[in-house]
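Printed here is protein.cif (mmCIF, C-alpha atoms):
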```
data_target
loop_
_atom_site.label_atom_id
_atom_site.label_comp_id
_atom_site.auth_asym_id
_atom_site.auth_seq_id
_atom_site.Cartn_x
_atom_site.Cartn_y
_atom_site.Cartn_z
CA MET A 1 49.55 -13.51 -63.77
CA SER A 2 49.09 -17.23 -63.46
CA SER A 3 48.03 -18.85 -60.22
CA LEU A 4 51.40 -20.63 -59.94
CA GLN A 5 53.29 -17.33 -60.26
CA PHE A 6 51.00 -15.73 -57.65
CA PHE A 7 51.59 -18.64 -55.28
CA LEU A 8 55.38 -18.50 -55.65
CA ASP A 9 55.48 -14.72 -55.18
CA ASN A 10 53.54 -14.97 -51.93
CA TRP A 11 55.83 -17.69 -50.65
CA ARG A 12 58.94 -15.70 -51.56
CA ARG A 13 57.57 -12.54 -49.95
CA ASN A 14 56.85 -14.35 -46.68
CA ASN A 15 60.31 -15.97 -46.66
CA LEU A 16 58.82 -19.41 -46.70
CA ILE A 17 60.93 -20.62 -49.58
CA ASN A 18 64.07 -19.31 -51.18
CA LEU A 19 64.18 -20.02 -54.92
CA ASN A 20 67.39 -18.01 -55.50
CA SER A 21 69.72 -20.43 -53.80
CA ASN A 22 71.31 -23.23 -55.74
CA SER A 23 71.29 -25.75 -52.96
CA GLY A 24 68.15 -27.23 -51.49
CA ARG A 25 69.73 -27.26 -48.03
CA LYS A 26 69.06 -23.60 -47.30
CA ARG A 27 65.38 -23.78 -48.06
CA LYS A 28 63.25 -22.52 -45.17
CA ARG A 29 60.28 -24.63 -44.27
CA TYR A 30 57.04 -23.29 -42.99
CA SER A 31 56.02 -24.98 -39.74
CA GLN A 32 52.60 -24.54 -38.34
CA MET A 33 52.21 -23.93 -34.62
CA SER A 34 49.74 -26.42 -33.22
CA GLU A 35 49.58 -25.68 -29.50
CA ILE A 36 46.30 -25.11 -27.73
CA ASN A 37 46.20 -22.98 -24.62
CA VAL A 38 44.03 -24.97 -22.18
CA THR A 39 44.46 -22.69 -19.18
CA PRO A 40 41.19 -20.76 -19.70
CA PHE A 41 39.33 -24.03 -20.24
CA VAL A 42 40.72 -25.48 -17.00
CA ASP A 43 39.83 -22.30 -15.11
CA VAL A 44 36.23 -22.42 -16.30
CA MET A 45 35.92 -26.12 -15.47
CA LEU A 46 37.27 -25.59 -11.94
CA VAL A 47 34.82 -22.75 -11.32
CA LEU A 48 31.93 -24.90 -12.55
CA LEU A 49 33.07 -27.80 -10.38
CA ILE A 50 33.12 -25.59 -7.29
CA VAL A 51 29.70 -24.11 -8.11
CA PHE A 52 28.15 -27.56 -8.52
CA MET A 53 29.81 -28.89 -5.36
CA VAL A 54 28.38 -26.01 -3.35
CA THR A 55 24.88 -26.10 -4.84
CA ALA A 56 24.33 -29.89 -4.97
CA PRO A 57 23.59 -30.30 -1.23
CA LEU A 58 21.17 -27.38 -1.41
CA LEU A 59 19.10 -29.07 -4.12
CA THR A 60 17.79 -31.77 -1.78
CA VAL A 61 14.41 -30.52 -0.66
CA GLY A 62 12.02 -31.84 1.88
CA ILE A 63 10.72 -31.50 5.37
CA PRO A 64 13.42 -32.36 7.92
CA VAL A 65 12.42 -35.32 10.09
CA ASP A 66 14.41 -37.72 12.23
CA LEU A 67 13.84 -40.98 10.35
CA PRO A 68 14.15 -44.33 12.11
CA LYS A 69 17.35 -46.21 11.28
CA VAL A 70 16.93 -49.74 9.90
CA LYS A 71 18.91 -52.14 7.76
CA ALA A 72 17.04 -52.52 4.46
CA SER A 73 17.86 -52.30 0.79
CA ALA A 74 17.13 -49.05 -1.00
CA LEU A 75 14.29 -48.83 -3.51
CA THR A 76 15.19 -47.76 -7.02
CA ASP A 77 12.55 -46.09 -9.12
CA GLN A 78 12.79 -43.96 -12.25
CA LYS A 79 9.94 -41.57 -11.43
CA ASP A 80 9.99 -39.15 -8.54
CA PRO A 81 7.59 -40.36 -5.85
CA LEU A 82 5.24 -38.21 -3.83
CA GLU A 83 6.20 -37.82 -0.20
CA ILE A 84 3.83 -37.56 2.72
CA THR A 85 5.67 -36.45 5.85
CA VAL A 86 4.39 -36.71 9.41
CA LYS A 87 6.33 -34.44 11.77
CA ILE A 88 6.80 -34.86 15.50
CA GLY A 89 3.91 -32.52 16.32
CA GLY A 90 1.52 -34.48 14.10
CA GLU A 91 1.57 -32.01 11.19
CA ILE A 92 1.14 -33.64 7.77
CA TYR A 93 3.00 -32.40 4.70
CA LEU A 94 2.35 -33.38 1.09
CA GLY A 95 5.62 -32.61 -0.65
CA GLU A 96 6.66 -29.39 1.04
CA SER A 97 3.25 -27.92 1.82
CA GLU A 98 1.30 -28.57 5.00
CA VAL A 99 -2.15 -30.12 4.58
CA ASP A 100 -4.99 -31.11 6.88
CA VAL A 101 -5.95 -34.78 7.15
CA GLU A 102 -9.31 -34.14 5.49
CA ASN A 103 -7.64 -32.36 2.54
CA LEU A 104 -4.91 -34.97 2.03
CA ILE A 105 -6.75 -37.28 -0.37
CA PRO A 106 -8.28 -34.53 -2.57
CA ARG A 107 -4.83 -32.88 -2.90
CA LEU A 108 -3.24 -36.27 -3.60
CA ASN A 109 -5.83 -36.98 -6.31
CA ALA A 110 -5.22 -33.57 -7.88
CA ILE A 111 -1.44 -34.04 -7.96
CA THR A 112 -1.50 -37.59 -9.29
CA GLU A 113 -4.41 -36.86 -11.67
CA LEU A 114 -6.18 -39.95 -10.24
CA ASN A 115 -3.27 -42.22 -11.20
CA LYS A 116 -3.64 -44.97 -8.59
CA GLU A 117 -0.30 -46.49 -9.71
CA ALA A 118 1.66 -43.45 -8.44
CA ARG A 119 4.37 -44.28 -5.91
CA ILE A 120 3.82 -42.61 -2.54
CA TYR A 121 6.39 -42.56 0.26
CA VAL A 122 5.32 -41.97 3.85
CA ARG A 123 8.01 -40.42 6.04
CA GLY A 124 7.52 -40.08 9.76
CA ASP A 125 9.63 -38.82 12.62
CA ARG A 126 10.81 -41.74 14.72
CA VAL A 127 9.00 -40.55 17.84
CA VAL A 128 5.64 -40.13 16.09
CA ALA A 129 3.14 -42.69 17.32
CA TYR A 130 2.89 -45.80 15.17
CA GLY A 131 -0.88 -45.41 15.07
CA ARG A 132 -0.62 -41.95 13.46
CA ILE A 133 1.58 -43.29 10.64
CA MET A 134 -0.76 -46.25 10.10
CA GLU A 135 -3.74 -43.88 10.05
CA ILE A 136 -2.18 -41.90 7.21
CA MET A 137 -1.19 -45.08 5.33
CA SER A 138 -4.66 -46.59 5.63
CA LEU A 139 -6.22 -43.32 4.49
CA VAL A 140 -4.04 -43.30 1.38
CA ASN A 141 -4.61 -47.02 0.80
CA SER A 142 -8.40 -46.69 1.16
CA ALA A 143 -8.31 -43.97 -1.52
CA GLY A 144 -7.10 -46.67 -3.94
CA TYR A 145 -3.37 -46.01 -4.04
CA ILE A 146 -1.55 -49.34 -4.03
CA LYS A 147 2.11 -48.31 -4.15
CA VAL A 148 2.56 -46.88 -0.67
CA ALA A 149 5.89 -47.38 1.12
CA LEU A 150 7.53 -46.28 4.36
CA VAL A 151 10.82 -44.36 4.27
CA THR A 152 13.59 -45.11 6.76
CA GLN A 153 17.19 -44.09 7.10
CA ASN A 154 20.16 -46.40 6.72
CA PRO A 155 22.23 -46.52 9.96
CA LYS A 156 25.39 -45.76 7.95
CA ASP A 157 23.99 -42.42 6.68
CA ASN A 158 23.78 -40.81 10.16
#
```
Exercise: express the given structure as structure tokens:
Amino acid sequence: MSSLQFFLDNWRRNNLINLNSNSGRKRKRYSQMSEINVTPFVDVMLVLLIVFMVTAPLLTVGIPVDLPKVKASALTDQKDPLEITVKIGGEIYLGESEVDVENLIPRLNAITELNKEARIYVRGDRVVAYGRIMEIMSLVNSAGYIKVALVTQNPKDN
């Protein structure tokens, strides 16, 4: 059997063409269905959207402090900075772990691997004494770190 004969037999068997009729008007055409069901895709996307909307606020980590509100432009930096937080009771946190004043610089050196160009943010509760914040900043600065900045809150953020 030739390939042409095989092809025509399959088409006749599936009623895709009718070679017995004399007129070309009664010939059935094969039409391919080209619809895509997007309902499952939309369902999955909506579930992912809801999951990300719920989890995004939970991803912000840090020690909660009442930052002073000032009008200043925000700093933009590509690398994540280290945060030193001074709470209302005078406790000092490096990242999320509490440290003593005498252990602050050795821990800072270990985390930054003695990179004195590392950006360090100092956050302090607004009722903490100015002298306590300056003490921490001068301690960090005397250790050789030159990129030390204070963190405040924009009045619009409430």
- Query: Quick one, how far is CA of Ala129 in chain A from CA of Pro106 in chain A?
  - Reply: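 Answer for the CA of Ala129 in chain A to CA of Pro106 in chain A separation: 24.3 Å.
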- Message: Just to confirm, what's the straight-line distance from CA of Arg126 in chain A to CA of Glu96 in chain A in Å (one decimal)?
- Response: 18.9 Å
- Could you work out how far CA of Leu49 in chain A lies from CA of Gly95 in chain A, giving the answer in Å with one decimal?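 Atom-to-atom, CA of Gly95 in chain A and CA of Leu49 in chain A are spaced 29.5 Å apart.
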Please provide the set of residues having any atom within 9 Å of Ala149 in chain A, restricted to only C-alpha atoms, with same-chain residues fewer than 5 positions apart removed, written as a PDB file with C-alpha atoms, in the coordinates of the input.
```pdb
ATOM      1  CA  ARG A 119       4.370 -44.280  -5.910  1.00  0.00           C
ATOM      2  CA  ILE A 120       3.820 -42.610  -2.540  1.00  0.00           C
ATOM      3  CA  TYR A 121       6.390 -42.560   0.260  1.00  0.00           C
ATOM      4  CA  VAL A 122       5.320 -41.970   3.850  1.00  0.00           C
ATOM      5  CA  ARG A 123       8.010 -40.420   6.040  1.00  0.00           C
ATOM      6  CA  MET A 137      -1.190 -45.080   5.330  1.00  0.00           C
TER       7      MET A 137
END
```
- Item | Matched chain/residue IDs from the PyMOL selection byres ((chain A and resi 107) around 12), as a list in words |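 Going through the file, the PyMOL selection byres ((chain A and resi 107) around 12) ends up selecting Leu82, Ile84, Tyr93, Leu94, Gly95, Ser97, Glu98, Val99, Asp100, Val101, Glu102, Asn103, Leu104, Ile105, Pro106, Leu108, Asn109, Ala110, Ile111, Thr112, Glu113, Leu114, Val140 and Ala143 of chain A.
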- Task: Name the closest residue to Asp80 in chain A among the candidates A:Ala56, A:Val47, A:Ile146, A:Ala118; distances are taken between atoms, counting all atoms listed in the file.
- Result: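 Of the candidates, the smallest distance to Asp80 in chain A is held by A:Ala118.
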- From the list A:Met134, A:Glu117, A:Val38, A:Gly124, which residue is nearest Glu83 in chain A when using all atoms listed in the file?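 That would be A:Gly124, the residue with the smallest distance to Glu83 in chain A.
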Centre and edges of the range 128-132 of chain A box, axis-aligned, 3 Å extra per side, as lines of an AutoDock Vina configuration file:
```
center_x = 2.4
center_y = -43.0
center_z = 15.4
size_x = 12.5
size_y = 11.7
size_z = 9.9
```
Kindly reconstruct range 75-99 of chain A with N, CA and C atoms and present the result as a CSV table (one decimal), in the frame of the given file.
```csv
chain,number,residue,atom,x,y,z
A,75,LEU,N,15.2,-48.7,-2.3
A,75,LEU,CA,14.3,-48.8,-3.5
A,75,LEU,C,14.8,-48.0,-4.6
A,76,THR,N,14.8,-48.5,-5.8
A,76,THR,CA,15.2,-47.8,-7.0
A,76,THR,C,14.0,-47.6,-7.9
A,77,ASP,N,13.7,-46.4,-8.3
A,77,ASP,CA,12.6,-46.1,-9.1
A,77,ASP,C,12.9,-44.9,-10.0
A,78,GLN,N,12.4,-45.0,-11.3
A,78,GLN,CA,12.8,-44.0,-12.2
A,78,GLN,C,12.0,-42.7,-12.0
A,79,LYS,N,10.8,-42.8,-11.6
A,79,LYS,CA,9.9,-41.6,-11.4
A,79,LYS,C,10.1,-41.1,-10.0
A,80,ASP,N,9.9,-39.7,-9.9
A,80,ASP,CA,10.0,-39.2,-8.5
A,80,ASP,C,8.7,-39.5,-7.8
A,81,PRO,N,8.8,-40.0,-6.6
A,81,PRO,CA,7.6,-40.4,-5.8
A,81,PRO,C,7.1,-39.1,-5.1
A,82,LEU,N,5.8,-39.2,-4.7
A,82,LEU,CA,5.2,-38.2,-3.8
A,82,LEU,C,5.6,-38.6,-2.4
A,83,GLU,N,5.8,-37.6,-1.6
A,83,GLU,CA,6.2,-37.8,-0.2
A,83,GLU,C,5.2,-37.2,0.7
A,84,ILE,N,4.7,-38.0,1.6
A,84,ILE,CA,3.8,-37.6,2.7
A,84,ILE,C,4.7,-37.6,4.0
A,85,THR,N,4.8,-36.5,4.7
A,85,THR,CA,5.7,-36.4,5.8
A,85,THR,C,4.8,-36.2,7.1
A,86,VAL,N,5.1,-36.9,8.1
A,86,VAL,CA,4.4,-36.7,9.4
A,86,VAL,C,5.5,-36.2,10.4
A,87,LYS,N,5.3,-35.0,10.9
A,87,LYS,CA,6.3,-34.4,11.8
A,87,LYS,C,6.0,-34.8,13.2
A,88,ILE,N,6.9,-34.5,14.1
A,88,ILE,CA,6.8,-34.9,15.5
A,88,ILE,C,5.5,-34.3,16.2
A,89,GLY,N,5.1,-33.1,15.7
A,89,GLY,CA,3.9,-32.5,16.3
A,89,GLY,C,2.6,-33.0,15.7
A,90,GLY,N,2.7,-33.9,14.7
A,90,GLY,CA,1.5,-34.5,14.1
A,90,GLY,C,1.1,-33.8,12.8
A,91,GLU,N,1.9,-32.7,12.4
A,91,GLU,CA,1.6,-32.0,11.2
A,91,GLU,C,1.8,-32.9,10.0
A,92,ILE,N,1.0,-32.8,9.0
A,92,ILE,CA,1.1,-33.6,7.8
A,92,ILE,C,1.5,-32.7,6.6
A,93,TYR,N,2.5,-33.1,5.9
A,93,TYR,CA,3.0,-32.4,4.7
A,93,TYR,C,2.9,-33.3,3.5
A,94,LEU,N,2.4,-32.7,2.4
A,94,LEU,CA,2.4,-33.4,1.1
A,94,LEU,C,3.4,-32.6,0.2
A,95,GLY,N,4.5,-33.3,0.0
A,95,GLY,CA,5.6,-32.6,-0.6
A,95,GLY,C,6.2,-31.7,0.4
A,96,GLU,N,6.1,-30.4,0.1
A,96,GLU,CA,6.7,-29.4,1.0
A,96,GLU,C,5.6,-28.5,1.6
A,97,SER,N,4.3,-28.8,1.3
A,97,SER,CA,3.2,-27.9,1.8
A,97,SER,C,2.4,-28.7,2.9
A,98,GLU,N,2.1,-28.0,3.9
A,98,GLU,CA,1.3,-28.6,5.0
A,98,GLU,C,-0.2,-28.7,4.6
A,99,VAL,N,-0.7,-29.9,4.9
A,99,VAL,CA,-2.2,-30.1,4.6
A,99,VAL,C,-2.9,-30.7,5.8
```
